[in-house]
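*Asks:* Take this structure first; my questions come after.
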Amino acid sequence: MTRRANGGDIDIRMLELLACPLTKGPLRYDRDRAELVSRLAKLAYPVRDGIPIMLPSEARELDEKEVARQDAPPGARKPA
């Protein structure tokens, strides 16, 4: 099963196996930005052409508002 996103096709089964390389914690897929987000590390790893780039040097740091958005349950109103 794959899902189309800006970064390409993502295999949902693969996402279940991936973990943050720094914290070993879970990742959440942000389809709008084509990134895998580690709330614990406050990093967003890019997905390019369907391939997650799991290098901390390639990750984008999240600000506090983005971390709070990641904590919100799906469908919840996101803070501005």
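By convention here, the chains of the structure tokens are called A, B, ... in the order presented, each chain's residues are numbered starting at 1, and ligands are numbered starting at 1 in the order presented.
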Find the spatial neighbours of Glu16 in chain A, counting only C-alpha atoms, within a cut-off of 10 Å - ignore same-chain residues fewer than 6 positions away - and output them as a PDB file with C-alpha atoms, in the first residue's frame.
*Replies:*
```pdb
ATOM      1  CA  PRO A  26       8.273   7.070  16.758  1.00  0.00           C
ATOM      2  CA  LEU A  27       7.922   9.189  13.629  1.00  0.00           C
ATOM      3  CA  ARG A  28       4.795  10.839  12.286  1.00  0.00           C
TER       4      ARG A  28
END
```
*Asks:* Pick out the residues sitting within 7 Å of Gln70 in chain A, and hand them over as a ChimeraX atom specification; count only C-alpha atoms, and ignore anything fewer than 3 positions along from it in its own chain.
*Replies:* /A:39,66-67
*Asks:* Just write the chosen residues, C-alpha atoms, as a compact mmCIF listing (two decimals), in the first residue's frame.
*Replies:*
```txt
# COMPACT_ATOMS: atom_id res chain seq x y z
CA ARG A 39 8.53 15.06 18.22
CA GLU A 66 5.32 22.92 15.18
CA VAL A 67 5.99 20.55 18.07
```
*Asks:* How would you write, as a PyMOL selection string, the set of residues in range 11-55 of chain A that DSSP gives as strand (DSSP E or B)?
*Replies:* chain A and resi 11+28-30+35-38+43-48+51-52
*Asks:* For the residues selected in the previous step, produce a file with C-alpha atoms as a PDB file, in the first residue's frame.
*Replies:*
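Output file out04.pdb follows:
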```
ATOM      1  CA  ASP A  11       5.032   2.710   1.680  1.00  0.00           C
ATOM      2  CA  ARG A  28       4.795  10.839  12.286  1.00  0.00           C
ATOM      3  CA  TYR A  29       4.383  11.413   8.554  1.00  0.00           C
ATOM      4  CA  ASP A  30       3.485  14.997   7.613  1.00  0.00           C
ATOM      5  CA  GLU A  35       8.515  14.939   6.131  1.00  0.00           C
ATOM      6  CA  LEU A  36       8.850  12.370   8.877  1.00  0.00           C
ATOM      7  CA  VAL A  37       8.576  14.198  12.191  1.00  0.00           C
ATOM      8  CA  SER A  38      10.266  13.185  15.420  1.00  0.00           C
ATOM      9  CA  LEU A  43      13.345  17.301  13.927  1.00  0.00           C
ATOM     10  CA  ALA A  44      11.637  16.746  10.580  1.00  0.00           C
ATOM     11  CA  TYR A  45      13.354  14.373   8.168  1.00  0.00           C
ATOM     12  CA  PRO A  46      12.645  15.039   4.464  1.00  0.00           C
ATOM     13  CA  VAL A  47      11.122  12.497   2.098  1.00  0.00           C
ATOM     14  CA  ARG A  48      12.530  12.846  -1.421  1.00  0.00           C
ATOM     15  CA  ILE A  51      12.726   7.881   0.104  1.00  0.00           C
ATOM     16  CA  PRO A  52      13.015   9.032   3.727  1.00  0.00           C
TER      17      PRO A  52
END
```
